[in-house]
Every structure is written in structure tokens, then in C-alpha cells.
file query.txt (compact mmCIF, C-alpha atoms)
# COMPACT_ATOMS: atom_id res chain seq x y z
CA MET A 1 -9.91 14.79 69.55
CA ASN A 2 -10.22 15.44 65.79
CA SER A 3 -9.72 11.71 65.13
CA MET A 4 -12.43 10.68 67.56
CA ARG A 5 -15.82 9.92 66.08
CA PHE A 6 -18.86 9.85 68.28
CA HIS A 7 -22.34 8.76 67.24
CA ILE A 8 -24.82 11.04 68.95
CA TYR A 9 -28.15 9.33 69.48
CA ARG A 10 -30.24 12.41 70.23
CA TRP A 11 -30.18 15.91 71.64
CA LEU A 12 -30.90 15.65 75.34
CA VAL A 13 -33.38 17.68 77.40
CA VAL A 14 -31.42 20.22 79.44
CA SER A 15 -32.25 20.41 83.13
CA VAL A 16 -32.19 23.70 85.00
CA ARG A 17 -30.28 21.99 87.78
CA GLY A 18 -26.56 20.97 87.78
CA ARG A 19 -25.50 20.68 84.15
CA GLN A 20 -22.34 19.45 82.49
CA TRP A 21 -21.16 18.83 78.95
CA CYS A 22 -21.72 15.17 78.04
CA LEU A 23 -21.29 12.85 75.10
CA ALA A 24 -24.05 10.35 74.42
CA VAL A 25 -22.62 7.14 72.99
CA PRO A 26 -24.17 3.74 72.26
CA LYS A 27 -23.94 1.39 75.24
CA ARG A 28 -21.81 -1.09 73.30
CA GLU A 29 -19.21 1.64 72.71
CA ALA A 30 -19.34 3.24 76.16
CA GLU A 31 -16.34 1.53 77.78
CA ALA A 32 -14.04 2.02 74.79
CA THR A 33 -15.06 5.67 74.54
CA ARG A 34 -14.63 6.21 78.29
CA ARG A 35 -11.07 4.89 78.07
CA ARG A 36 -10.37 7.08 75.05
CA LEU A 37 -11.62 10.21 76.83
CA LEU A 38 -9.61 9.28 79.91
CA GLU A 39 -6.43 8.92 77.84
CA GLU A 40 -7.08 12.29 76.21
CA GLY A 41 -7.60 13.94 79.61
CA ILE A 42 -11.13 15.03 78.67
CA LEU A 43 -13.30 12.72 80.79
CA ASP A 44 -14.67 14.68 83.75
CA ARG A 45 -14.33 12.23 86.60
CA ARG A 46 -16.11 14.53 89.04
CA TYR A 47 -19.43 13.33 87.64
CA LYS A 48 -21.02 9.93 87.13
CA PRO A 49 -21.82 8.54 83.68
CA ARG A 50 -25.48 7.58 83.46
CA PRO A 51 -27.76 5.70 81.06
CA GLU A 52 -30.14 7.57 78.76
CA GLY A 53 -32.26 5.20 76.67
CA ASP A 54 -29.94 3.22 74.40
CA ALA A 55 -27.00 5.50 75.17
CA ILE A 56 -24.60 6.26 78.03
CA LEU A 57 -23.88 9.88 78.96
CA LEU A 58 -20.17 10.47 79.55
CA PRO A 59 -19.35 13.79 81.30
CA VAL A 60 -16.54 15.74 79.63
CA ALA A 61 -14.46 18.61 80.98
CA GLU A 62 -15.03 20.95 78.05
CA GLU A 63 -17.32 21.59 75.12
CA ILE A 64 -16.16 19.31 72.31
CA PRO A 65 -17.82 18.37 69.00
CA GLY A 66 -21.01 16.42 69.70
CA ALA A 67 -21.23 17.36 73.40
CA VAL A 68 -24.52 18.55 74.87
CA LEU A 69 -25.45 19.98 78.26
CA CYS A 70 -27.27 17.54 80.52
CA GLU A 71 -28.03 16.95 84.17
CA VAL A 72 -25.40 14.89 85.99
CA GLU A 73 -24.72 13.57 89.47
CA ALA A 74 -21.47 14.34 91.26
CA VAL A 75 -19.22 11.46 92.24
CA PRO A 76 -18.89 11.09 96.04
CA GLU A 77 -15.52 12.05 97.48
CA ARG A 78 -13.02 9.43 96.43
CA LEU A 79 -10.81 7.35 98.63
CA ASP A 80 -7.07 7.90 98.47
CA LEU A 81 -6.24 5.20 95.94
CA PRO A 82 -2.73 4.07 95.00
CA ARG A 83 -1.37 4.76 91.52
CA HIS A 84 -2.20 1.94 89.16
CA GLU A 85 -2.66 0.81 85.57
CA LEU A 86 -5.85 -0.93 84.45
CA VAL A 87 -5.71 -3.91 82.10
CA GLY A 88 -9.22 -5.29 81.72
CA GLY A 89 -10.36 -6.38 85.17
CA ILE A 90 -6.83 -6.27 86.61
CA ALA A 91 -5.22 -3.29 88.35
CA ILE A 92 -1.41 -3.21 88.45
CA LEU A 93 -0.02 -1.18 91.35
CA GLN A 94 3.28 0.69 91.14
CA GLU A 95 4.06 -0.11 94.78
CA ASN A 96 3.66 -3.18 96.96
CA ASP A 97 0.72 -1.82 98.96
CA PRO A 98 -1.72 -4.53 100.16
CA GLU A 99 -3.90 -2.03 102.07
CA GLY A 100 -4.14 0.24 99.04
CA ALA A 101 -4.96 -2.80 96.92
CA GLU A 102 -7.92 -3.62 99.15
CA ARG A 103 -9.18 -0.01 98.95
CA LEU A 104 -8.87 -0.11 95.19
CA LEU A 105 -10.68 -3.43 94.93
CA SER A 106 -13.58 -2.25 97.09
CA SER A 107 -13.94 1.09 95.28
CA ARG A 108 -13.97 -0.20 91.68
CA PRO A 109 -16.53 -2.90 90.89
CA SER A 110 -14.92 -3.58 87.50
CA VAL A 111 -11.62 -4.57 89.14
CA THR A 112 -11.45 -8.21 90.23
CA THR A 113 -7.70 -8.58 90.83
CA VAL A 114 -4.92 -6.29 92.04
CA LEU A 115 -1.34 -7.23 91.14
CA PHE A 116 2.13 -5.97 91.96
CA PRO A 117 4.96 -6.60 89.45
CA GLU A 118 7.88 -8.25 91.24
CA THR A 119 10.14 -7.86 88.20
CA PRO A 120 10.41 -5.48 85.25
CA VAL A 121 9.60 -6.68 81.73
CA GLU A 122 12.46 -9.07 81.05
CA GLY A 123 13.74 -11.95 78.95
CA GLU A 124 13.23 -12.75 75.30
CA TYR A 125 9.51 -13.33 75.93
CA ARG A 126 8.98 -9.86 77.53
CA THR A 127 7.21 -11.10 80.67
CA ARG A 128 6.99 -10.08 84.33
CA ARG A 129 6.38 -11.96 87.56
CA PHE A 130 3.47 -10.72 89.67
CA SER A 131 2.21 -11.16 93.20
CA VAL A 132 -1.52 -10.98 93.91
CA LEU A 133 -2.28 -8.25 96.46
CA ALA A 134 -6.08 -8.54 96.47
CA GLY A 135 -8.98 -10.23 94.73
CA THR A 136 -9.06 -13.27 92.47
CA PRO A 137 -5.63 -14.93 92.18
CA THR A 138 -5.14 -14.70 88.41
CA THR A 139 -3.06 -12.87 85.82
CA ARG A 140 -5.55 -13.49 83.01
CA THR A 141 -8.22 -11.00 81.95
CA ARG A 142 -10.16 -9.77 78.93
CA VAL A 143 -9.54 -6.29 77.56
CA THR A 144 -12.12 -4.42 75.46
CA GLU A 145 -10.61 -1.84 73.14
CA TYR A 146 -12.52 0.13 70.49
CA GLY A 147 -15.00 -2.70 70.04
CA LEU A 148 -12.33 -5.42 69.88
CA ARG A 149 -11.68 -8.00 72.61
CA PHE A 150 -8.33 -9.40 73.70
CA ASP A 151 -7.69 -12.21 76.16
CA VAL A 152 -4.48 -11.42 78.00
CA ASP A 153 -2.33 -13.30 80.52
CA LEU A 154 0.09 -10.76 81.97
CA ALA A 155 2.42 -13.42 83.41
CA HIS A 156 2.92 -15.08 80.03
CA ALA A 157 2.72 -12.31 77.42
CA TYR A 158 3.33 -8.56 77.40
CA PHE A 159 0.35 -6.26 76.86
CA SER A 160 -0.03 -2.48 77.21
CA ALA A 161 -3.52 -1.00 77.29
CA ARG A 162 -1.89 2.44 77.08
CA LEU A 163 -1.17 1.94 73.38
CA SER A 164 -4.85 1.71 72.41
CA THR A 165 -4.93 5.27 71.04
CA GLU A 166 -1.69 4.63 69.16
CA ARG A 167 -3.18 1.58 67.48
CA GLN A 168 -6.08 3.71 66.31
CA ARG A 169 -3.68 6.37 65.01
CA VAL A 170 -1.88 3.84 62.83
CA LEU A 171 -5.20 2.42 61.64
CA GLY A 172 -6.22 5.92 60.59
CA MET A 173 -3.03 6.27 58.52
CA MET A 174 -3.68 3.10 56.54
CA GLU A 175 -5.12 2.68 53.08
CA GLU A 176 -7.59 -0.12 52.40
CA GLY A 177 -5.97 -3.34 51.20
CA GLU A 178 -2.48 -2.94 52.67
CA TRP A 179 -0.17 -5.85 53.43
CA VAL A 180 0.95 -5.48 57.05
CA LEU A 181 3.63 -7.21 59.11
CA ASP A 182 3.67 -7.10 62.91
CA MET A 183 7.16 -8.32 63.82
CA PHE A 184 6.55 -8.56 67.59
CA ALA A 185 2.81 -9.18 67.72
CA GLY A 186 2.32 -10.45 71.28
CA VAL A 187 -1.34 -11.40 71.80
CA GLY A 188 -2.32 -9.55 68.63
CA PRO A 189 -3.67 -6.07 69.54
CA PHE A 190 -1.92 -4.23 66.68
CA ALA A 191 -2.43 -7.05 64.17
CA ILE A 192 -6.14 -7.49 64.85
CA THR A 193 -6.79 -3.74 64.97
CA LEU A 194 -5.06 -3.12 61.64
CA ALA A 195 -6.78 -6.13 60.06
CA GLN A 196 -9.88 -3.95 59.82
CA LYS A 197 -8.31 -2.21 56.80
CA ALA A 198 -5.57 -4.60 55.70
CA ALA A 199 -5.81 -7.20 52.97
CA LEU A 200 -3.45 -9.39 55.00
CA VAL A 201 -1.64 -9.14 58.33
CA VAL A 202 1.26 -11.44 59.18
CA ALA A 203 1.70 -11.44 62.97
CA ALA A 204 4.90 -12.98 64.32
CA ASP A 205 6.17 -13.52 67.84
CA LEU A 206 8.88 -15.59 69.49
CA ASN A 207 6.81 -16.32 72.62
CA PRO A 208 4.70 -19.52 72.26
CA ALA A 209 2.27 -18.43 75.01
CA ALA A 210 1.70 -15.09 73.26
CA VAL A 211 1.06 -16.78 69.92
CA HIS A 212 -1.38 -19.18 71.58
CA LEU A 213 -3.33 -16.24 73.01
CA MET A 214 -3.14 -14.43 69.67
CA VAL A 215 -4.75 -17.42 67.94
CA GLU A 216 -7.58 -17.24 70.49
CA ASN A 217 -7.96 -13.49 69.94
CA ILE A 218 -8.03 -13.84 66.16
CA ALA A 219 -10.94 -16.25 66.53
CA LEU A 220 -12.60 -14.10 69.20
CA ASN A 221 -12.63 -11.11 66.84
CA ARG A 222 -13.29 -13.14 63.66
CA ALA A 223 -10.24 -11.63 61.99
CA LYS A 224 -9.94 -13.94 58.98
CA ASN A 225 -7.05 -12.05 57.36
CA VAL A 226 -4.49 -12.41 60.18
CA ILE A 227 -1.81 -15.13 59.91
CA PRO A 228 -0.19 -15.89 63.30
CA MET A 229 3.40 -17.13 63.27
CA LEU A 230 5.76 -18.48 65.93
CA ALA A 231 8.95 -16.96 64.57
CA ASP A 232 12.10 -15.02 65.37
CA ALA A 233 11.77 -11.64 63.67
CA ALA A 234 15.40 -11.75 62.54
CA HIS A 235 14.62 -14.78 60.35
CA LEU A 236 11.52 -13.37 58.64
CA PRO A 237 13.39 -12.01 55.55
CA ARG A 238 14.33 -15.60 54.65
CA LEU A 239 10.73 -16.70 54.24
CA GLY A 240 10.12 -15.10 50.84
CA PHE A 241 7.24 -12.77 51.69
CA LYS A 242 5.91 -10.29 49.20
CA PRO A 243 7.13 -6.80 50.31
CA PHE A 244 4.87 -5.33 52.98
CA ASP A 245 3.24 -1.90 52.82
CA ARG A 246 3.46 -1.33 56.58
CA ILE A 247 5.51 -2.88 59.37
CA ILE A 248 4.92 -2.59 63.13
CA MET A 249 7.98 -2.89 65.40
CA ASN A 250 6.68 -2.73 68.96
CA LEU A 251 9.62 -4.09 70.95
CA PRO A 252 10.61 -0.95 72.89
CA PHE A 253 13.85 -2.23 74.41
CA ALA A 254 15.32 -3.82 71.28
CA ALA A 255 13.32 -3.08 68.11
CA ALA A 256 16.10 -0.96 66.56
CA GLU A 257 18.29 -4.07 66.33
CA PHE A 258 15.83 -5.49 63.80
CA LEU A 259 15.68 -2.44 61.51
CA PRO A 260 17.75 -4.07 58.70
CA ALA A 261 15.31 -6.99 58.64
CA ALA A 262 12.31 -4.62 58.63
CA VAL A 263 13.68 -2.56 55.72
CA ALA A 264 14.35 -5.77 53.76
CA LEU A 265 10.73 -6.81 54.29
CA CYS A 266 9.17 -3.43 53.42
CA ARG A 267 8.43 -2.15 49.93
CA ASP A 268 10.02 1.02 48.62
CA GLY A 269 7.78 3.85 49.87
CA GLY A 270 6.23 1.70 52.59
CA THR A 271 6.10 2.69 56.27
CA ILE A 272 7.77 1.27 59.37
CA HIS A 273 6.49 2.21 62.83
CA LEU A 274 9.43 1.78 65.22
CA TYR A 275 8.58 1.94 68.94
CA ALA A 276 11.45 2.57 71.33
CA LEU A 277 12.22 3.76 74.85
CA GLU A 278 14.50 6.77 74.73
CA GLU A 279 16.09 9.38 76.98
CA ARG A 280 16.63 12.11 74.38
CA GLU A 281 14.81 13.29 71.28
CA GLY A 282 16.09 11.70 68.08
CA GLU A 283 18.06 9.05 69.95
CA PHE A 284 17.36 6.36 67.34
CA LEU A 285 17.58 8.55 64.24
CA PRO A 286 21.22 7.52 63.53
CA ARG A 287 20.21 3.85 63.58
CA ILE A 288 17.38 4.59 61.15
CA ARG A 289 19.70 6.53 58.83
CA GLU A 290 21.99 3.51 58.61
CA VAL A 291 19.27 1.62 56.71
CA THR A 292 17.10 4.21 54.94
CA GLY A 293 17.13 7.86 53.93
CA GLY A 294 13.35 8.23 53.82
CA GLU A 295 11.21 10.70 55.75
CA VAL A 296 11.08 10.20 59.52
CA VAL A 297 8.54 11.66 61.93
CA GLU A 298 9.14 11.13 65.65
CA ARG A 299 6.52 11.57 68.35
CA GLN A 300 6.24 10.82 72.06
CA VAL A 301 3.62 8.18 72.86
CA ARG A 302 3.73 8.25 76.67
CA THR A 303 6.02 8.78 79.63
CA TYR A 304 7.67 5.53 80.71
CA SER A 305 9.71 6.60 83.75
CA PRO A 306 11.46 9.79 84.96
CA GLY A 307 13.73 10.92 82.13
CA LYS A 308 12.57 8.19 79.73
CA TRP A 309 9.62 8.00 77.35
CA HIS A 310 8.02 5.65 74.86
CA ALA A 311 8.49 7.12 71.38
CA VAL A 312 7.43 6.08 67.89
CA TYR A 313 9.32 6.81 64.68
CA ASP A 314 7.15 6.72 61.55
CA VAL A 315 9.71 5.85 58.87
CA VAL A 316 9.09 5.98 55.12
CA VAL A 317 11.37 3.40 53.51
CA GLU A 318 13.52 4.72 50.69
CA LYS A 319 15.57 2.08 48.91

call {"tool": "encode", "arguments": {"input": "query.txt", "output": "C-alpha cells"}}
result
Amino acid sequence: MNSMRFHIYRWLVVSVRGRQWCLAVPKREAEATRRRLLEEGILDRRYKPRPEGDAILLPVAEEIPGAVLCEVEAVPERLDLPRHELVGGIAILQENDPEGAERLLSSRPSVTTVLFPETPVEGEYRTRRFSVLAGTPTTRTRVTEYGLRFDVDLAHAYFSARLSTERQRVLGMMEEGEWVLDMFAGVGPFAITLAQKAALVVAADLNPAAVHLMVENIALNRAKNVIPMLADAAHLPRLGFKPFDRIIMNLPFAAAEFLPAAVALCRDGGTIHLYALEEREGEFLPRIREVTGGEVVERQVRTYSPGKWHAVYDVVVEK
């Protein structure tokens, strides 16, 4: 929570009736902040958020910096909803449960479509096939993340809303004016997020549909310093780029194969963020040591499946 910054509009009048710690955030930031608190496990879902002037009060489970006591209304007893992941207005169920999909659709006004993935992420374009269980028959939605907007089509390009906090972490590590390369950019969430501090971001992907969406998202967010490229990451060292200060490698199943190319593209002392799915701590450290002897910090990003997790290695390149 130390990295989270909240703009408190005013101290709120405390009611003598049911009170709970709340954060008051500007309405335009409410959804992004709600997601952030949910990811951190701090949002108190027993109570309803409510408007207060130009702000939204978000109930939190503990006293955190900026929180104030205010009167809140309890959420009615919830229906038994199936496990799911939210991506914009789309809910992705973990099981093929049409009845559960209907319950989910009726209980969450923000959800317009419920999908079930018929395949895992597969192929060189990292896509899945979905069936529509309820709601509008579409795989396209708009995701709002920390004030940025991303148009996503889940059937044509991979996107994980669960990496939103990770994108902010990397942004917080950056210095102003860096040259950044995103080797597997998808629809552009890392590239456009990091463009807020970068002098230039080169965002490459092999998937034409992903690059098309990325071009739309660059325009949507007015990110004038992002260069989208339809390119195979293995060929990028041949293009004569100036060495990059920071390189993003978010291709969890295969990014380690491209480490030699990433090191060739990174300046001495620059940083590579390698994202990988692993079953044991330090699993990819030998691969990293084959190409650089620089400092490596490993951390778990999220659980992926039983016995497997999504990890990131922050690698300082030493040539």
C-alpha cells in the first residue's frame, strides 16, 4: 500500500451509526482505485461504496493512510457466484456453468458478457477460443486501468487485467526519459503505461490483431511516444536500435528463449523484466546466468494454477 497514492477531497462527518474506514477518491479515479484495493485484499466488500460530493467513498478493511471513518451501508447477502476473472465488462468463468453465468450477469450491472474459455492460451498469437454463456455475444470490451483505457478482444489478443499492479510497479521503478522496449506488447498495456515516463517506447508483437488494437489504444490514450511494430522479437536485434534502458518480456510460456536477444538490445546497466510461469523458485535463474551476471531479483506476481505461479525476474544487465 506504500506505493498507492490517494487524493483525499475532505475529512468526512462521522455518523454515530454504523461506521467503517473509507477512502474518498475522485469519481474519475474510483474504478481504478477499487480494482487496486481489491487486488491488495483491502477493499471491504461487506459494504457499499457511495458518492460524497465529487468523491466516491470506498470501504476498506483496515485503517490505512488517508482513510477516515464514515457511515456506510451493508451489502445485501450475496448470491453464490461462480469463480471468475473480470476483464472490463466481460466475466470469464473457470467452469462451463451456464446457470452460474446467468446469476453472475444478473448480480453485476457492470458485466455485460460471461465467457467460458474452451482452450488454454495457445499458438504463436497467444489466443483462446471462448463460448458465450450469458449476455451480449462478444469477446471485445474496454478496460479502464489507473486512468488509462484499453480496447481488448479476448479472442484475438491476450490480455491480463491481473497485471495492472505490476505495470504500476515497473512504472514506479523508472526514471524520466528512459528508452523502453516491450518485446511482446499485445494490445499495449505495458507500453502505454510506461510511456508516461519514457522518452520513447518501442512496442512489438507478432500478432497482427494485437498490433491493430494497440494502434487504437495508443490513439485512445494519446500516447505520442509509443511506436507500434509488427515484428518477431527474435529479429529485433537486427534493426539497429539504440540500446534500451528497460525491456519488458511478458511472454510467460516462452520469454526465456528470447533472453539473448533482450540482452543484445539492452544497455549495460539497463533492466530486463522477464515474466515466466514456474513451478519452483529460481527456475529460470540458470537461463539468465547464461547471458548476464548482473543482479537478479525474483518475485511472485500471482498464482497461475496449483503448483505453478507467474513470476517476474528483474534483471540488471551486466555486459

call {"tool": "closest_residue", "arguments": {"input": "query.txt", "among": "A:Leu251, A:Ala30, A:Leu58, A:Ala209", "to": "Thr144 in chain A", "atoms": "only C-alpha atoms"}}
result
A:Ala30

call {"tool": "residues_near_point", "arguments": {"input": "query.txt", "point": "(6.4, -2.1, 62.9)", "cutoff": "9 Å", "atoms": "only C-alpha atoms", "output": "PyMOL selection string"}}
result
chain A and resi 180-184+246-251+255+262+271-275+314

call {"tool": "residues_around", "arguments": {"input": "query.txt", "residues": "Glu73 in chain A", "least_positions_apart": "5", "cutoff": "10 Å", "atoms": "all atoms listed in the file", "output": "list in words"}}
result
Gly18, Arg19, Gln20, Arg46, Tyr47, Lys48, Pro49, Arg50 and Pro59 of chain A

call {"tool": "write_last_selection", "arguments": {"input": "query.txt", "atoms": "C-alpha atoms", "output": "CSV table (one decimal), in the coordinates of the input"}}
result
chain,number,residue,atom,x,y,z
A,18,GLY,CA,-26.6,21.0,87.8
A,19,ARG,CA,-25.5,20.7,84.2
A,20,GLN,CA,-22.3,19.4,82.5
A,46,ARG,CA,-16.1,14.5,89.0
A,47,TYR,CA,-19.4,13.3,87.6
A,48,LYS,CA,-21.0,9.9,87.1
A,49,PRO,CA,-21.8,8.5,83.7
A,50,ARG,CA,-25.5,7.6,83.5
A,59,PRO,CA,-19.4,13.8,81.3

call {"tool": "atom_distance", "arguments": {"input": "query.txt", "atom1": "CA of Pro26 in chain A", "atom2": "CA of Leu220 in chain A"}}
result
21.5 Å

call {"tool": "residues_around", "arguments": {"input": "query.txt", "residues": "Phe116 in chain A", "least_positions_apart": "4", "cutoff": "10 Å", "atoms": "all atoms listed in the file", "output": "PyMOL selection string"}}
result
chain A and resi 84+91-98+101+128-134

call {"tool": "closest_residue", "arguments": {"input": "query.txt", "among": "A:Ala254, A:Leu154, A:Leu148, A:Glu216", "to": "Ile192 in chain A", "atoms": "all atoms listed in the file"}}
result
A:Leu148

call {"tool": "atom_distance", "arguments": {"input": "query.txt", "atom1": "CA of Pro189 in chain A", "atom2": "CA of Ala210 in chain A"}}
result
11.1 Å

call {"tool": "atom_distance", "arguments": {"input": "query.txt", "atom1": "CA of Arg34 in chain A", "atom2": "CA of Cys22 in chain A"}}
result
11.4 Å

call {"tool": "closest_residue", "arguments": {"input": "query.txt", "among": "A:Val25, A:Ala261, A:Val215, A:Ala256", "to": "Leu285 in chain A", "atoms": "only C-alpha atoms"}}
result
A:Ala256

call {"tool": "residues_around", "arguments": {"input": "query.txt", "residues": "Pro109 in chain A", "least_positions_apart": "3", "cutoff": "12 Å", "atoms": "all atoms listed in the file", "output": "number ranges by chain"}}
result
A: 88-91, 102-106, 112-113, 135

call {"tool": "closest_residue", "arguments": {"input": "query.txt", "among": "A:Ser110, A:Thr292, A:Thr139, A:Thr33", "to": "Gly270 in chain A", "atoms": "only C-alpha atoms"}}
result
A:Thr292

call {"tool": "residues_near_point", "arguments": {"input": "query.txt", "point": "(-1.1, -0.2, 79.0)", "cutoff": "12 Å", "atoms": "only C-alpha atoms", "output": "VMD selection string"}}
result
chain A and resid 35 39 84 to 88 90 to 92 143 145 152 154 158 to 167 189 301 to 304 310

call {"tool": "residues_around", "arguments": {"input": "query.txt", "residues": "Leu265 in chain A", "least_positions_apart": "4", "cutoff": "7 Å", "atoms": "all atoms listed in the file", "output": "JSON list (two decimals) with C-alpha atoms, in the coordinates of the input"}}
result
[["chain", "number", "residue", "atom", "x", "y", "z"],
["A", 237, "PRO", "CA", 13.39, -12.01, 55.55],
["A", 243, "PRO", "CA", 7.13, -6.80, 50.31],
["A", 244, "PHE", "CA", 4.87, -5.33, 52.98],
["A", 261, "ALA", "CA", 15.31, -6.99, 58.64]]

call {"tool": "closest_residue", "arguments": {"input": "query.txt", "among": "A:Pro286, A:Tyr125, A:Leu115, A:Glu279", "to": "Ala231 in chain A", "atoms": "only C-alpha atoms"}}
result
A:Tyr125

call {"tool": "closest_atom_pairs", "arguments": {"input": "query.txt", "of": "range 219-304 of chain A", "to": "range 199-206 of chain A", "cutoff": "7 Å", "atoms": "all atoms listed in the file", "output": "JSON lines"}}
result
{"residue": "A:Asn225", "atom": "CA", "partner": "A:Leu200", "partner_atom": "CA", "distance": 5.1}
{"residue": "A:Val226", "atom": "CA", "partner": "A:Val201", "partner_atom": "CA", "distance": 4.7}
{"residue": "A:Ile227", "atom": "CA", "partner": "A:Val202", "partner_atom": "CA", "distance": 4.9}
{"residue": "A:Pro228", "atom": "CA", "partner": "A:Ala203", "partner_atom": "CA", "distance": 4.8}
{"residue": "A:Met229", "atom": "CA", "partner": "A:Ala204", "partner_atom": "CA", "distance": 4.5}
{"residue": "A:Leu230", "atom": "CA", "partner": "A:Asp205", "partner_atom": "CA", "distance": 5.3}
{"residue": "A:Ala231", "atom": "CA", "partner": "A:Leu206", "partner_atom": "CA", "distance": 5.1}
{"residue": "A:Asp232", "atom": "CA", "partner": "A:Leu206", "partner_atom": "CA", "distance": 5.3}

call {"tool": "write_last_selection", "arguments": {"input": "query.txt", "atoms": "C-alpha atoms", "output": "PDB file, in the coordinates of the input"}}
result
ATOM      1  CA  ASN A 225      -7.050 -12.050  57.360  1.00  0.00           C
ATOM      2  CA  VAL A 226      -4.490 -12.410  60.180  1.00  0.00           C
ATOM      3  CA  ILE A 227      -1.810 -15.130  59.910  1.00  0.00           C
ATOM      4  CA  PRO A 228      -0.190 -15.890  63.300  1.00  0.00           C
ATOM      5  CA  MET A 229       3.400 -17.130  63.270  1.00  0.00           C
ATOM      6  CA  LEU A 230       5.760 -18.480  65.930  1.00  0.00           C
ATOM      7  CA  ALA A 231       8.950 -16.960  64.570  1.00  0.00           C
ATOM      8  CA  ASP A 232      12.100 -15.020  65.370  1.00  0.00           C
TER       9      ASP A 232
END

call {"tool": "closest_residue", "arguments": {"input": "query.txt", "among": "A:Ala32, A:Leu37, A:Ala74, A:Ala24", "to": "Ala55 in chain A", "atoms": "only C-alpha atoms"}}
result
A:Ala24

call {"tool": "decode", "arguments": {"input": "query.txt", "residues": "range 50-57 of chain A", "atoms": "all heavy atoms", "output": "PDB file, in the first residue's frame"}}
result
ATOM      1  N   ARG A  50     -20.202   4.586  -1.837  1.00  0.00           N
ATOM      2  CA  ARG A  50     -21.277   5.553  -2.047  1.00  0.00           C
ATOM      3  C   ARG A  50     -20.687   6.909  -2.407  1.00  0.00           C
ATOM      4  O   ARG A  50     -19.547   7.236  -2.049  1.00  0.00           O
ATOM      5  CB  ARG A  50     -22.162   5.669  -0.802  1.00  0.00           C
ATOM      6  CG  ARG A  50     -21.512   6.296   0.421  1.00  0.00           C
ATOM      7  CD  ARG A  50     -22.536   6.434   1.552  1.00  0.00           C
ATOM      8  NE  ARG A  50     -21.969   6.968   2.773  1.00  0.00           N
ATOM      9  CZ  ARG A  50     -21.816   8.267   3.017  1.00  0.00           C
ATOM     10  NH1 ARG A  50     -22.185   9.168   2.111  1.00  0.00           N
ATOM     11  NH2 ARG A  50     -21.286   8.682   4.166  1.00  0.00           N
ATOM     12  N   PRO A  51     -21.441   7.705  -3.163  1.00  0.00           N
ATOM     13  CA  PRO A  51     -20.958   9.030  -3.558  1.00  0.00           C
ATOM     14  C   PRO A  51     -20.979   9.999  -2.387  1.00  0.00           C
ATOM     15  O   PRO A  51     -21.814   9.904  -1.488  1.00  0.00           O
ATOM     16  CB  PRO A  51     -21.948   9.453  -4.650  1.00  0.00           C
ATOM     17  CG  PRO A  51     -23.206   8.692  -4.341  1.00  0.00           C
ATOM     18  CD  PRO A  51     -22.759   7.389  -3.747  1.00  0.00           C
ATOM     19  N   GLU A  52     -20.056  10.940  -2.408  1.00  0.00           N
ATOM     20  CA  GLU A  52     -19.997  12.010  -1.409  1.00  0.00           C
ATOM     21  C   GLU A  52     -19.458  13.244  -2.121  1.00  0.00           C
ATOM     22  O   GLU A  52     -18.242  13.404  -2.289  1.00  0.00           O
ATOM     23  CB  GLU A  52     -19.099  11.616  -0.239  1.00  0.00           C
ATOM     24  CG  GLU A  52     -18.905  12.700   0.809  1.00  0.00           C
ATOM     25  CD  GLU A  52     -20.132  12.913   1.676  1.00  0.00           C
ATOM     26  OE1 GLU A  52     -21.041  12.038   1.648  1.00  0.00           O
ATOM     27  OE2 GLU A  52     -20.205  13.933   2.370  1.00  0.00           O
ATOM     28  N   GLY A  53     -20.374  14.084  -2.637  1.00  0.00           N
ATOM     29  CA  GLY A  53     -19.943  15.253  -3.403  1.00  0.00           C
ATOM     30  C   GLY A  53     -19.251  14.829  -4.687  1.00  0.00           C
ATOM     31  O   GLY A  53     -19.796  14.067  -5.489  1.00  0.00           O
ATOM     32  N   ASP A  54     -18.032  15.293  -4.881  1.00  0.00           N
ATOM     33  CA  ASP A  54     -17.252  14.959  -6.075  1.00  0.00           C
ATOM     34  C   ASP A  54     -16.421  13.702  -5.888  1.00  0.00           C
ATOM     35  O   ASP A  54     -15.571  13.387  -6.727  1.00  0.00           O
ATOM     36  CB  ASP A  54     -16.317  16.118  -6.433  1.00  0.00           C
ATOM     37  CG  ASP A  54     -17.085  17.363  -6.850  1.00  0.00           C
ATOM     38  OD1 ASP A  54     -18.187  17.202  -7.402  1.00  0.00           O
ATOM     39  OD2 ASP A  54     -16.579  18.473  -6.618  1.00  0.00           O
ATOM     40  N   ALA A  55     -16.616  12.992  -4.792  1.00  0.00           N
ATOM     41  CA  ALA A  55     -15.805  11.825  -4.483  1.00  0.00           C
ATOM     42  C   ALA A  55     -16.681  10.576  -4.350  1.00  0.00           C
ATOM     43  O   ALA A  55     -17.900  10.649  -4.271  1.00  0.00           O
ATOM     44  CB  ALA A  55     -15.012  12.050  -3.194  1.00  0.00           C
ATOM     45  N   ILE A  56     -16.028   9.423  -4.342  1.00  0.00           N
ATOM     46  CA  ILE A  56     -16.661   8.145  -4.034  1.00  0.00           C
ATOM     47  C   ILE A  56     -15.987   7.593  -2.792  1.00  0.00           C
ATOM     48  O   ILE A  56     -14.752   7.573  -2.690  1.00  0.00           O
ATOM     49  CB  ILE A  56     -16.499   7.143  -5.195  1.00  0.00           C
ATOM     50  CG1 ILE A  56     -17.189   7.657  -6.460  1.00  0.00           C
ATOM     51  CG2 ILE A  56     -17.063   5.773  -4.809  1.00  0.00           C
ATOM     52  CD1 ILE A  56     -18.695   7.717  -6.375  1.00  0.00           C
ATOM     53  N   LEU A  57     -16.800   7.138  -1.824  1.00  0.00           N
ATOM     54  CA  LEU A  57     -16.270   6.528  -0.611  1.00  0.00           C
ATOM     55  C   LEU A  57     -16.114   5.035  -0.843  1.00  0.00           C
ATOM     56  O   LEU A  57     -17.084   4.346  -1.157  1.00  0.00           O
ATOM     57  CB  LEU A  57     -17.212   6.768   0.567  1.00  0.00           C
ATOM     58  CG  LEU A  57     -17.550   8.224   0.907  1.00  0.00           C
ATOM     59  CD1 LEU A  57     -18.486   8.259   2.107  1.00  0.00           C
ATOM     60  CD2 LEU A  57     -16.290   9.013   1.173  1.00  0.00           C
TER      61      LEU A  57
END
